[in-house]
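K.L.:
Quick one, my_file.txt (compact mmCIF, C-alpha atoms):
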# COMPACT_ATOMS: atom_id res chain seq x y z
CA MET A 929 -54.68 17.46 13.55
CA SER A 930 -54.57 19.03 10.08
CA ALA A 931 -51.61 21.17 11.10
CA LEU A 932 -49.78 18.11 12.40
CA SER A 933 -50.59 16.24 9.18
CA SER A 934 -49.07 19.07 7.16
CA ILE A 935 -46.01 19.00 9.40
CA ALA A 936 -45.78 15.23 8.97
CA ASN A 937 -45.81 15.55 5.16
CA ASN A 938 -43.21 18.31 5.19
CA LEU A 939 -41.13 16.37 7.69
CA SER A 940 -41.18 13.29 5.47
CA ASN A 941 -40.01 15.34 2.49
CA VAL A 942 -37.27 17.02 4.53
CA THR A 943 -35.97 13.76 5.97
CA ARG A 944 -35.94 12.08 2.56
CA GLU A 945 -33.92 14.97 1.16
CA ALA A 946 -31.60 14.82 4.18
CA ILE A 947 -31.01 11.09 3.65
CA GLY A 948 -30.47 11.50 -0.08
CA GLY A 949 -27.91 14.30 0.33
CA ALA A 950 -26.48 13.59 3.76
CA MET A 951 -23.05 12.71 2.44
CA HIS A 952 -22.88 15.32 -0.29
CA PRO A 953 -20.03 17.74 0.50
CA VAL A 954 -21.86 20.81 -0.86
CA ARG A 955 -24.86 20.14 1.35
CA ALA A 956 -22.63 19.53 4.35
CA ALA A 957 -20.86 22.83 3.72
CA ARG A 958 -24.18 24.68 3.57
CA LEU A 959 -25.33 23.18 6.84
CA MET A 960 -22.11 24.12 8.57
CA GLY A 961 -22.22 27.58 7.01
CA ARG A 962 -25.48 28.28 8.86
CA LEU A 963 -23.79 27.55 12.18
CA VAL A 964 -20.34 28.99 11.55
CA GLY A 965 -19.89 32.56 10.35
CA ARG A 966 -17.85 33.08 7.22
CA ALA A 967 -15.20 35.72 6.79
CA VAL A 968 -16.08 38.57 4.44
CA HIS A 969 -13.12 40.92 4.68
CA LYS A 970 -9.79 40.06 3.27
CA PRO A 971 -7.12 39.50 5.91
CA GLY A 972 -5.31 42.74 6.68
CA ALA A 973 -8.06 45.05 5.37
CA PRO A 974 -8.21 48.39 7.23
CA PRO A 975 -10.95 48.82 9.87
CA GLY A 976 -14.19 50.26 8.58
CA THR A 977 -13.82 48.85 5.06
CA LEU A 978 -17.27 48.62 3.47
CA VAL A 979 -17.43 45.29 1.66
CA VAL A 980 -20.61 43.90 0.11
CA ALA A 981 -21.33 40.40 1.43
CA GLY A 982 -22.76 37.78 -0.91
CA PRO A 983 -23.18 37.77 -4.69
CA PRO A 984 -23.61 41.03 -6.65
CA ARG A 985 -27.16 42.37 -6.86
CA GLU A 986 -28.55 44.70 -9.49
CA GLU A 987 -31.65 46.05 -7.72
CA LYS A 988 -31.52 49.23 -5.71
CA VAL A 989 -31.72 49.20 -1.94
CA ARG A 990 -35.14 50.05 -0.54
CA LEU A 991 -35.37 53.10 1.73
CA ARG A 992 -38.57 53.58 3.73
CA LEU A 993 -38.99 56.66 5.90
CA MET A 994 -41.60 57.30 8.56
CA GLU A 995 -41.77 60.64 10.41
CA PHE A 996 -44.35 61.13 13.12
CA ASP A 997 -45.47 62.91 16.23
CA ALA A 998 -48.68 62.77 18.25
CA GLU A 999 -50.66 64.56 15.53
CA ASN A 1000 -49.08 63.77 12.17
CA LEU A 1001 -47.50 60.89 10.27
CA ARG A 1002 -45.60 61.00 7.00
CA GLU A 1003 -44.61 57.74 5.33
CA THR A 1004 -42.54 57.80 2.16
CA GLU A 1005 -40.30 55.56 0.12
CA VAL A 1006 -37.29 57.53 -1.09
CA ASP A 1007 -34.82 56.90 -3.89
CA SER A 1008 -31.62 58.18 -2.34
CA ALA A 1009 -29.99 58.25 1.07
CA GLU A 1010 -29.69 62.03 0.91
CA ALA A 1011 -33.49 62.35 1.01
CA THR A 1012 -33.53 60.90 4.52
CA PHE A 1013 -31.03 63.25 6.10
CA SER A 1014 -33.67 65.64 7.44
CA ILE A 1015 -34.75 63.25 10.21
CA ARG A 1016 -31.56 63.79 12.16
CA ASP A 1017 -32.35 67.39 13.13
CA ASN A 1018 -36.17 67.55 12.84
CA PRO A 1019 -38.16 67.55 16.12
CA PRO A 1020 -40.57 64.75 15.04
CA VAL A 1021 -39.38 61.19 15.46
CA GLY A 1022 -37.96 59.67 12.27
CA TRP A 1023 -37.53 56.00 11.37
CA LEU A 1024 -35.42 55.04 8.38
CA ASN A 1025 -35.57 51.39 7.34
CA LEU A 1026 -33.13 50.16 4.70
CA ASP A 1027 -33.65 46.81 2.95
CA GLY A 1028 -30.49 45.56 1.26
CA LEU A 1029 -26.84 46.00 2.19
CA HIS A 1030 -25.34 45.92 -1.30
CA ASP A 1031 -24.95 49.67 -1.94
CA PRO A 1032 -21.69 50.91 -0.36
CA GLU A 1033 -22.27 54.48 -1.58
CA ALA A 1034 -25.62 54.77 0.19
CA MET A 1035 -24.11 53.24 3.31
CA LYS A 1036 -21.23 55.67 3.25
CA ALA A 1037 -23.58 58.64 2.84
CA ILE A 1038 -25.70 57.53 5.81
CA ARG A 1039 -22.60 56.86 7.88
CA ASP A 1040 -21.12 60.28 7.21
CA HIS A 1041 -24.33 62.24 7.75
CA PHE A 1042 -25.43 60.54 10.97
CA GLY A 1043 -21.89 60.45 12.32
CA LEU A 1044 -21.69 56.68 12.68
CA HIS A 1045 -18.40 55.08 13.58
CA LEU A 1046 -16.48 53.26 10.86
CA LEU A 1047 -16.73 49.98 12.75
CA VAL A 1048 -20.49 50.36 13.20
CA MET A 1049 -21.11 50.53 9.47
CA GLU A 1050 -18.67 47.69 8.93
CA ASP A 1051 -20.72 45.54 11.31
CA VAL A 1052 -23.90 46.57 9.53
CA MET A 1053 -22.62 45.43 6.14
CA THR A 1054 -21.14 42.13 7.32
CA PRO A 1055 -24.00 39.92 8.57
CA GLY A 1056 -23.37 37.09 10.97
CA HIS A 1057 -22.48 39.02 14.13
CA ARG A 1058 -23.75 37.83 17.47
CA ALA A 1059 -26.36 39.96 19.20
CA LYS A 1060 -24.81 42.92 21.01
CA MET A 1061 -25.38 46.47 22.24
CA GLU A 1062 -22.73 49.17 22.01
CA GLU A 1063 -22.91 52.74 23.24
CA TYR A 1064 -21.34 55.52 21.22
CA ASP A 1065 -21.31 59.27 21.53
CA GLY A 1066 -24.77 60.42 20.53
CA TYR A 1067 -26.32 57.05 19.61
CA LEU A 1068 -26.72 53.40 20.59
CA PHE A 1069 -25.99 50.51 18.25
CA MET A 1070 -27.60 47.07 18.46
CA VAL A 1071 -27.30 43.87 16.44
CA VAL A 1072 -30.38 41.67 16.77
CA PRO A 1073 -31.08 38.33 15.02
CA MET A 1074 -34.40 38.45 13.17
CA LEU A 1075 -35.70 34.92 12.67
CA SER A 1076 -38.25 33.43 10.30
CA PHE A 1077 -39.49 29.88 9.79
CA HIS A 1078 -39.67 28.25 6.36
CA GLU A 1079 -42.62 25.87 6.57
CA GLU A 1080 -41.74 23.85 3.46
CA SER A 1081 -38.21 22.94 4.54
CA LEU A 1082 -38.93 23.27 8.30
CA THR A 1083 -35.82 25.41 8.72
CA VAL A 1084 -35.11 28.53 10.76
CA GLN A 1085 -33.78 31.44 8.70
CA VAL A 1086 -31.58 34.00 10.47
CA GLU A 1087 -31.26 37.58 9.29
CA GLN A 1088 -29.15 40.24 10.97
CA LEU A 1089 -31.03 43.36 11.99
CA SER A 1090 -28.85 46.36 12.78
CA LEU A 1091 -30.54 49.10 14.82
CA VAL A 1092 -29.15 52.55 15.58
CA LEU A 1093 -30.96 54.74 18.13
CA GLY A 1094 -30.32 58.48 18.09
CA LYS A 1095 -31.89 61.40 19.89
CA ASN A 1096 -35.01 61.58 17.74
CA TRP A 1097 -34.30 59.04 15.02
CA VAL A 1098 -33.98 55.30 14.53
CA LEU A 1099 -32.11 53.54 11.72
CA THR A 1100 -32.74 49.88 10.90
CA PHE A 1101 -30.70 47.93 8.35
CA GLN A 1102 -31.94 44.61 6.98
CA GLU A 1103 -30.33 42.13 4.61
CA ARG A 1104 -33.42 41.70 2.42
CA VAL A 1105 -37.00 42.81 1.93
CA GLY A 1106 -39.51 41.40 4.40
CA ASP A 1107 -39.60 41.77 8.17
CA VAL A 1108 -41.75 41.47 11.30
CA PHE A 1109 -42.37 45.20 11.68
CA GLU A 1110 -45.72 45.50 9.92
CA PRO A 1111 -47.68 45.51 13.21
CA VAL A 1112 -45.48 48.41 14.40
CA ARG A 1113 -46.09 50.29 11.16
CA GLU A 1114 -49.81 49.70 11.52
CA ARG A 1115 -49.76 51.07 15.07
CA LEU A 1116 -48.00 54.16 13.77
CA ARG A 1117 -50.53 54.62 10.98
CA THR A 1118 -53.57 54.24 13.25
CA ALA A 1119 -52.01 56.00 16.27
CA TYR A 1120 -52.90 52.94 18.32
CA GLY A 1121 -51.47 52.87 21.82
CA ARG A 1122 -48.75 55.16 23.09
CA ILE A 1123 -46.22 54.76 20.28
CA ARG A 1124 -47.02 58.09 18.57
CA ASN A 1125 -46.76 59.96 21.85
CA ARG A 1126 -43.36 58.63 22.83
CA GLY A 1127 -39.87 59.28 21.55
CA ALA A 1128 -37.40 57.35 19.44
CA ASP A 1129 -36.41 55.13 22.36
CA TYR A 1130 -39.95 53.75 22.62
CA LEU A 1131 -39.96 53.13 18.86
CA ALA A 1132 -36.73 51.19 19.24
CA TYR A 1133 -38.35 49.18 22.04
CA ALA A 1134 -41.39 48.43 19.83
CA LEU A 1135 -39.16 47.18 17.02
CA LEU A 1136 -37.14 45.04 19.40
CA ASP A 1137 -40.31 43.67 20.99
CA ALA A 1138 -41.69 42.73 17.54
CA VAL A 1139 -38.54 40.74 16.79
CA VAL A 1140 -38.63 38.91 20.14
CA ASP A 1141 -42.36 38.17 19.86
CA ARG A 1142 -41.66 36.46 16.54
CA TYR A 1143 -39.44 34.00 18.39
CA PHE A 1144 -42.48 32.68 20.28
CA VAL A 1145 -44.26 31.91 16.99
CA ILE A 1146 -41.23 30.04 15.66
CA LEU A 1147 -40.87 28.08 18.91
CA GLU A 1148 -44.52 27.09 18.66
CA GLN A 1149 -43.94 25.80 15.12
CA LEU A 1150 -40.85 23.89 16.21
CA GLY A 1151 -42.86 22.53 19.14
CA ASP A 1152 -45.42 21.15 16.65
CA VAL A 1153 -42.59 19.47 14.74
CA ALA A 1154 -41.29 17.97 17.99
CA GLU A 1155 -44.78 16.70 18.88
CA GLU A 1156 -45.15 15.03 15.49
CA LEU A 1157 -41.73 13.40 15.81
CA ASP A 1158 -42.52 12.20 19.31
CA LEU A 1159 -45.64 10.46 18.01
CA ARG A 1160 -43.83 8.95 15.04
CA ILE A 1161 -40.96 7.47 17.02
CA LEU A 1162 -43.21 4.97 18.81
CA HIS A 1163 -44.65 3.63 15.54
CA ASP A 1164 -42.04 4.32 12.90
CA THR A 1165 -38.45 3.53 13.84
CA THR A 1166 -37.04 4.07 10.37
CA SER A 1167 -33.96 6.05 9.46
CA GLU A 1168 -36.20 8.87 8.19
CA THR A 1169 -37.54 9.43 11.70
CA LEU A 1170 -34.03 9.59 13.12
CA GLN A 1171 -33.06 12.07 10.40
CA GLY A 1172 -36.08 14.18 11.37
CA VAL A 1173 -34.90 14.26 14.99
CA SER A 1174 -31.41 15.27 13.85
CA HIS A 1175 -32.92 18.02 11.69
CA LEU A 1176 -34.90 19.35 14.67
CA LYS A 1177 -31.80 19.33 16.89
CA ARG A 1178 -29.84 21.24 14.28
CA GLU A 1179 -32.52 23.93 13.94
CA LEU A 1180 -32.76 24.31 17.71
CA LEU A 1181 -28.98 24.62 17.92
CA LEU A 1182 -29.06 27.35 15.29
CA MET A 1183 -31.83 29.17 17.16
CA ARG A 1184 -29.96 28.89 20.45
CA LYS A 1185 -26.80 30.26 18.84
CA ALA A 1186 -28.75 33.26 17.54
CA ILE A 1187 -30.82 34.03 20.66
CA TRP A 1188 -28.49 33.29 23.57
CA PRO A 1189 -26.32 36.46 23.21
CA LEU A 1190 -29.46 38.60 22.91
CA ARG A 1191 -30.12 38.26 26.63
CA GLU A 1192 -26.86 40.02 27.42
CA ALA A 1193 -27.49 42.69 24.77
CA VAL A 1194 -30.98 43.52 26.08
CA SER A 1195 -29.67 43.47 29.65
CA SER A 1196 -27.03 46.04 28.66
CA LEU A 1197 -29.73 48.20 27.10
CA VAL A 1198 -31.81 48.01 30.28
CA ARG A 1199 -28.86 49.00 32.47
CA THR A 1200 -27.59 51.79 30.24
CA GLU A 1201 -27.44 55.25 31.71
CA SER A 1202 -27.61 56.93 28.34
CA SER A 1203 -29.91 59.94 28.08
CA LEU A 1204 -31.28 58.41 24.86
CA VAL A 1205 -33.32 55.86 26.87
CA ASN A 1206 -35.91 57.29 29.25
CA GLU A 1207 -36.71 55.62 32.56
CA THR A 1208 -40.29 55.01 31.43
CA THR A 1209 -39.00 53.05 28.43
CA GLN A 1210 -36.64 50.96 30.55
CA VAL A 1211 -39.68 49.38 32.20
CA PHE A 1212 -40.78 48.04 28.82
CA LEU A 1213 -37.24 46.95 27.98
CA ARG A 1214 -37.18 44.87 31.15
CA ASP A 1215 -40.25 43.09 29.85
CA VAL A 1216 -38.38 42.28 26.62
CA HIS A 1217 -35.51 40.98 28.73
CA ASP A 1218 -37.92 38.69 30.61
CA HIS A 1219 -39.30 37.42 27.28
CA THR A 1220 -35.79 36.71 26.09
CA ILE A 1221 -35.06 34.60 29.16
CA GLN A 1222 -38.36 32.77 28.69
CA ILE A 1223 -37.47 32.03 25.06
CA ILE A 1224 -34.04 30.71 26.01
CA ASP A 1225 -35.63 28.42 28.61
CA THR A 1226 -38.08 27.14 25.98
CA VAL A 1227 -35.28 26.49 23.50
CA GLU A 1228 -33.34 24.56 26.13
CA THR A 1229 -36.47 22.54 26.96
CA LEU A 1230 -37.00 21.65 23.30
CA ARG A 1231 -33.33 20.71 22.95
CA ASP A 1232 -33.63 18.38 25.95
CA LEU A 1233 -36.78 16.93 24.39
CA ALA A 1234 -34.98 16.38 21.08
CA ALA A 1235 -32.10 14.69 22.91
CA SER A 1236 -34.54 12.43 24.75
CA MET A 1237 -36.14 11.59 21.39
CA THR A 1238 -32.87 10.06 20.24
CA ASP A 1239 -32.77 7.92 23.38
CA LEU A 1240 -36.43 7.01 22.87
CA TYR A 1241 -35.74 6.07 19.25
CA LEU A 1242 -32.86 3.80 20.24
CA SER A 1243 -34.89 2.26 23.07
CA THR A 1244 -37.88 1.65 20.79
CA LEU A 1245 -35.65 0.17 18.10
CA GLY A 1246 -33.96 -2.06 20.70
CA GLN A 1247 -37.34 -3.13 22.09
CA LYS A 1248 -38.61 -4.10 18.65
CA THR A 1249 -35.41 -6.03 18.01
CA ASN A 1250 -35.85 -7.82 21.34
CA ASP A 1251 -39.46 -8.67 20.47
CA VAL A 1252 -38.37 -10.21 17.19
CA MET A 1253 -35.56 -12.12 18.86
CA LYS A 1254 -37.98 -13.38 21.54
CA VAL A 1255 -40.39 -14.76 18.96
CA LEU A 1256 -37.57 -16.44 17.06
CA THR A 1257 -36.15 -17.89 20.29
CA ILE A 1258 -39.55 -19.27 21.33
CA MET A 1259 -40.09 -20.82 17.91
CA ALA A 1260 -36.63 -22.38 18.05
CA SER A 1261 -37.29 -23.66 21.59
CA ILE A 1262 -40.50 -25.37 20.44
CA PHE A 1263 -38.85 -27.04 17.47
CA ILE A 1264 -35.67 -28.18 19.27
CA PRO A 1265 -37.30 -31.25 20.97
CA LEU A 1266 -39.29 -32.00 17.82
CA THR A 1267 -36.09 -31.91 15.82
CA PHE A 1268 -34.47 -34.22 18.37
CA ILE A 1269 -37.29 -36.79 18.06
CA ALA A 1270 -37.32 -36.55 14.26
CA GLY A 1271 -33.53 -36.91 14.24
CA ILE A 1272 -33.68 -40.15 16.22
CA TYR A 1273 -36.23 -41.75 13.92
CA GLY A 1274 -34.46 -40.46 10.90
CA MET A 1275 -31.37 -42.61 11.59
CA ASN A 1276 -30.87 -45.41 9.08
CA PHE A 1277 -30.57 -48.38 11.45
CA GLU A 1278 -31.99 -51.72 10.33
CA HIS A 1279 -33.19 -52.86 13.76
CA MET A 1280 -35.29 -50.13 15.35
CA PRO A 1281 -38.04 -51.32 17.75
CA GLU A 1282 -40.88 -49.13 16.50
CA LEU A 1283 -40.37 -49.53 12.75
CA ARG A 1284 -42.67 -52.56 12.43
CA ILE A 1285 -45.41 -51.38 14.83
CA PRO A 1286 -48.48 -50.16 12.83
CA TRP A 1287 -49.45 -47.35 15.24
CA ALA A 1288 -45.86 -46.10 15.79
CA TYR A 1289 -46.13 -43.28 13.21
CA PRO A 1290 -49.35 -41.67 14.55
CA ALA A 1291 -48.07 -42.23 18.11
CA LEU A 1292 -44.92 -40.33 17.28
CA TRP A 1293 -47.01 -37.46 15.86
CA GLY A 1294 -49.06 -37.42 19.01
CA VAL A 1295 -45.99 -37.21 21.19
CA MET A 1296 -44.56 -34.37 19.12
CA ILE A 1297 -47.84 -32.43 19.20
CA LEU A 1298 -48.15 -33.01 22.94
CA VAL A 1299 -44.60 -31.73 23.54
CA ALA A 1300 -45.15 -28.65 21.36
CA GLY A 1301 -48.50 -27.89 23.02
CA ALA A 1302 -47.07 -28.27 26.50
CA MET A 1303 -44.25 -25.85 25.70
CA VAL A 1304 -46.70 -23.29 24.27
CA VAL A 1305 -48.85 -23.53 27.42
CA TYR A 1306 -45.77 -23.12 29.59
CA PHE A 1307 -44.57 -20.06 27.64
CA ARG A 1308 -48.00 -18.44 27.89
CA LYS A 1309 -48.12 -19.13 31.61
CA LYS A 1310 -44.77 -17.34 31.94
CA ARG A 1311 -46.17 -14.51 29.75
CA TRP A 1312 -43.42 -14.94 27.22
CA LEU A 1313 -46.07 -15.11 24.51
Using C-alpha cells, write down the structure that the file contains.

P.N.:
Amino acid sequence: MSALSSIANNLSNVTREAIGGAMHPVRAARLMGRLVGRAVHKPGAPPGTLVVAGPPREEKVRLRLMEFDAENLRETEVDSAEATFSIRDNPPVGWLNLDGLHDPEAMKAIRDHFGLHLLVMEDVMTPGHRAKMEEYDGYLFMVVPMLSFHEESLTVQVEQLSLVLGKNWVLTFQERVGDVFEPVRERLRTAYGRIRNRGADYLAYALLDAVVDRYFVILEQLGDVAEELDLRILHDTTSETLQGVSHLKRELLLMRKAIWPLREAVSSLVRTESSLVNETTQVFLRDVHDHTIQIIDTVETLRDLAASMTDLYLSTLGQKTNDVMKVLTIMASIFIPLTFIAGIYGMNFEHMPELRIPWAYPALWGVMILVAGAMVVYFRKKRWL
C-alpha cells in the first residue's frame, strides 16, 4: 500500500495544481500542445530543409558508437559525426546513437555520408511524427514513440525515436539524453544471449523491443493511478477527485495517440521483403507486433475504466445528494404535524377549550411526542431510516 499512498499524495498535488490553473490560457495551450503537433517549418519551405525544433541549445550533441561482432566489442563516445563514418562499410555491426537534434551540420554530414533521403533527415529533426516505417533503397527508416513516466506530475512524456537500419549498421536519433536502451547495451557488453551473434536487423529488433517493453511499465504505473482513483471515488467525491480522473483520461489519450500507429508500423516491418531483415528476425518482430496489440488493448481497457470512473463519480455524488435530501425530507415530515399542532394552539383566540385545563400543556406534549415517535417507527419499518 506504500506505492498507492505515494500515488495518492502525488495525485492530490497534481489535481490541486490542475484546479488552480485549469482556466489559465498558457496551461491550456501546453496541454493541447502535447496532443496536437506544432508546425516547425515555415510555410513554403523547400523539402528536406533542416530546421532545429525548440529553443536554441549551446551544448554539443552526444554521439555514442558501438561496434561489435561475436568476439569483440568497441564502445566509444566521439566528438564529431565524421568519426562515425567507418561503420557503414566495416564488416562488424555498428550502432550510432545520437542524443540531441540541434546540430544541423552534424545531421547534414550523417545524411550525406549514409545516403539518407532529404525527407528522412527532415523527419528526424522535426519531432512529433506518428509512428511509421518507410523502405528506401539500401535502408529502412522507422519513427517510434519512446515513452517515459514522470512520477511527480503523473504525466506521460513522449519522445520521438528515429531509427535507420542499414546493411550492417543502425542509426538512432533521440531528442535528449536518456533512453530505455541500457539493458541492450549491457547485453552487448556481456555478450548475453544471441545479440552479438546476429546482424544489424536483430539489433534493431532489440532496440524496438526495449521501447515496447517500456510501455508495459508505464501502463502498470497508470493502472496504479487508476486503482487509487477508483478507491477514492467511493469516499471522496470532491472536485479534486474528478480532476484526477480527467488527468488520467488525458494521459491515456496521449498514450493511445502515440502507440496506436505503431501497430501498423511494426506490421509493415514484419511483412517487408527487404533483404535487410532476415527471416529468423521476423519471428521476433512478430512477437513485438503481438506485444503492441496487447498494449493497445490494455490502453483501451484503462480508457474504458476511466470513462466508467466519471459515471461512478456522478452516481456516487448523486447518491450522496439523495441521502442528504432523504434525511431532510424525513425530518421535515416528522415536524410537519408537530408544526400543525403548535400552529393551532399558537392562535390568539380568547375562547379556546383547553386553555384553562391544568393538564392541557403536558397532554399536548405527550400527543406531539407520540406522533413523532409513531412516524419514526413507521419510517424505520419502511427502512427509510

K.L.:
Expressed in Å to a single decimal, how great is the separation between CA of His1045 in chain A and CA of Met1074 in chain A?

P.N.:
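Between these atoms lies a distance of 23.1 Å.
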
K.L.:
For Asp1239 in chain A, find every residue with an atom within 12 Å (counting all atoms listed in the file), except residues of its own chain fewer than 4 positions away, and show them as a VMD selection string.

P.N.:
chain A and resid 1158 1161 to 1162 1165 1170 1173 1232 to 1235 1243 to 1246

K.L.:
In Å, rounded to a single decimal, give me how far CA of Leu1131 in chain A is from CA of Asn1000 in chain A.

P.N.:
15.5 Å

K.L.:
So what do you get for CA of Leu1159 in chain A versus CA of Phe1144 in chain A, distance-wise?

P.N.:
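Answer for the CA of Leu1159 in chain A to CA of Phe1144 in chain A separation: 22.6 Å.
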
K.L.:
Tell me, as a PDB file with C-alpha atoms, keeping the file's coordinate frame, which residues lie within 8 Å of Pro1189 in chain A, counting only C-alpha atoms; anything in the same chain fewer than 2 positions away does not count.

P.N.:
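Result written to selection.pdb:
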ATOM      1  CA  ARG A1058     -23.750  37.830  17.470  1.00  0.00           C
ATOM      2  CA  ALA A1059     -26.360  39.960  19.200  1.00  0.00           C
ATOM      3  CA  LYS A1060     -24.810  42.920  21.010  1.00  0.00           C
ATOM      4  CA  LYS A1185     -26.800  30.260  18.840  1.00  0.00           C
ATOM      5  CA  ALA A1186     -28.750  33.260  17.540  1.00  0.00           C
ATOM      6  CA  ILE A1187     -30.820  34.030  20.660  1.00  0.00           C
ATOM      7  CA  ARG A1191     -30.120  38.260  26.630  1.00  0.00           C
ATOM      8  CA  GLU A1192     -26.860  40.020  27.420  1.00  0.00           C
ATOM      9  CA  ALA A1193     -27.490  42.690  24.770  1.00  0.00           C
TER      10      ALA A1193
END

K.L.:
From the set A:Val1048, A:Ala1011, A:Thr1054, A:Val989, which residue has the shortest atom-to-atom contact distance to His1030 in chain A, counting all atoms listed in the file?

P.N.:
A:Val989

K.L.:
Could you give me the centre and size, in Å to one decimal, of an axis-aligned box around all listed atoms of range 1034-1046 of chain A with 6 Å added on every side, as lines of an AutoDock Vina configuration file?

P.N.:
center_x = -21.1
center_y = 57.7
center_z = 6.9
size_x = 21.2
size_y = 21.0
size_z = 25.4

K.L.:
Could you name the residues that touch range 1286-1300 of chain A at 12 Å or less, counting only C-alpha atoms, but leaving out those on the same chain fewer than 5 positions away, as a list in words?

P.N.:
Ile1258, Met1259, Ala1260, Ser1261, Ile1262, Phe1263, Ile1264, Pro1265, Leu1266, Thr1267, Phe1268, Ile1269, Ala1270, Ile1272, Tyr1273, Met1280, Pro1281, Val1305, Tyr1306 and Phe1307 of chain A

K.L.:
May I have the residues from that selection written out with C-alpha atoms, as a CSV table (one decimal), in the coordinates of the input?

P.N.:
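After the write, again15.csv holds the following:
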chain,number,residue,atom,x,y,z
A,1258,ILE,CA,-39.6,-19.3,21.3
A,1259,MET,CA,-40.1,-20.8,17.9
A,1260,ALA,CA,-36.6,-22.4,18.0
A,1261,SER,CA,-37.3,-23.7,21.6
A,1262,ILE,CA,-40.5,-25.4,20.4
A,1263,PHE,CA,-38.8,-27.0,17.5
A,1264,ILE,CA,-35.7,-28.2,19.3
A,1265,PRO,CA,-37.3,-31.2,21.0
A,1266,LEU,CA,-39.3,-32.0,17.8
A,1267,THR,CA,-36.1,-31.9,15.8
A,1268,PHE,CA,-34.5,-34.2,18.4
A,1269,ILE,CA,-37.3,-36.8,18.1
A,1270,ALA,CA,-37.3,-36.6,14.3
A,1272,ILE,CA,-33.7,-40.2,16.2
A,1273,TYR,CA,-36.2,-41.8,13.9
A,1280,MET,CA,-35.3,-50.1,15.4
A,1281,PRO,CA,-38.0,-51.3,17.8
A,1305,VAL,CA,-48.8,-23.5,27.4
A,1306,TYR,CA,-45.8,-23.1,29.6
A,1307,PHE,CA,-44.6,-20.1,27.6

K.L.:
Could you name the residues that touch Thr1220 in chain A at 9 Å or less, counting only C-alpha atoms, but leaving out those on the same chain fewer than 6 positions away, as a ChimeraX atom specification?

P.N.:
/A:1140,1143,1187-1188,1190-1191,1194

K.L.:
Just want the 10 Å neighbourhood of range 1207-1212 of chain A, counted on all atoms listed in the file, with same-chain residues fewer than 2 positions away dropped. Output as a list in words.

P.N.:
Arg1126, Gly1127, Asp1129, Tyr1130, Leu1131, Ala1132, Tyr1133, Ala1134, Asp1137, Leu1197, Val1198, Arg1199, Thr1200, Glu1201, Ser1203, Leu1204, Val1205, Arg1214, Asp1215, Val1216, His1217 and Asp1218 of chain A

K.L.:
Which one of A:Gln1102, A:Asn1025, A:Ser1076, A:Thr1083 sits closest to Val1052 in chain A if you count only C-alpha atoms?

P.N.:
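So, comparing all the options, the nearest one is A:Gln1102.
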
K.L.:
Restricting the calculation to only C-alpha atoms, which member of A:Leu1091, A:Tyr1241, A:Leu1082, A:Leu1313 is positioned closest to Val1255 in chain A?

P.N.:
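Nearest candidate to Val1255 in chain A out of A:Leu1091, A:Tyr1241, A:Leu1082, A:Leu1313: A:Leu1313.
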
K.L.:
Have a look at A:Arg990, A:Arg1115, A:Arg1184, A:His1041 and name the one nearest to Pro1073 in chain A; count all atoms listed in the file.

P.N.:
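Among A:Arg990, A:Arg1115, A:Arg1184, A:His1041, it is A:Arg1184 that comes nearest to Pro1073 in chain A.
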
K.L.:
Using all atoms listed in the file, which residue out of A:Leu1135, A:Leu1256, A:Leu1047, A:Ala1154 lies closest to Ile1123 in chain A?

P.N.:
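Answer, going by the shortest atom-to-atom distance: A:Leu1135.
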
K.L.:
Using only C-alpha atoms, which residue out of A:Leu1089, A:Ser1195, A:Ser1174, A:Ser1236 lies closest to Ile1221 in chain A?

P.N.:
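Closest candidate: A:Ser1195.
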
K.L.:
For a quick check of your reading of the model, name the residues lying within 12 Å of the coordinate (-49.5, 56.9, 18.2), counting only C-alpha atoms, and write them as a ChimeraX atom specification.

P.N.:
/A:995-1001,1021,1112-1127,1130-1131,1134
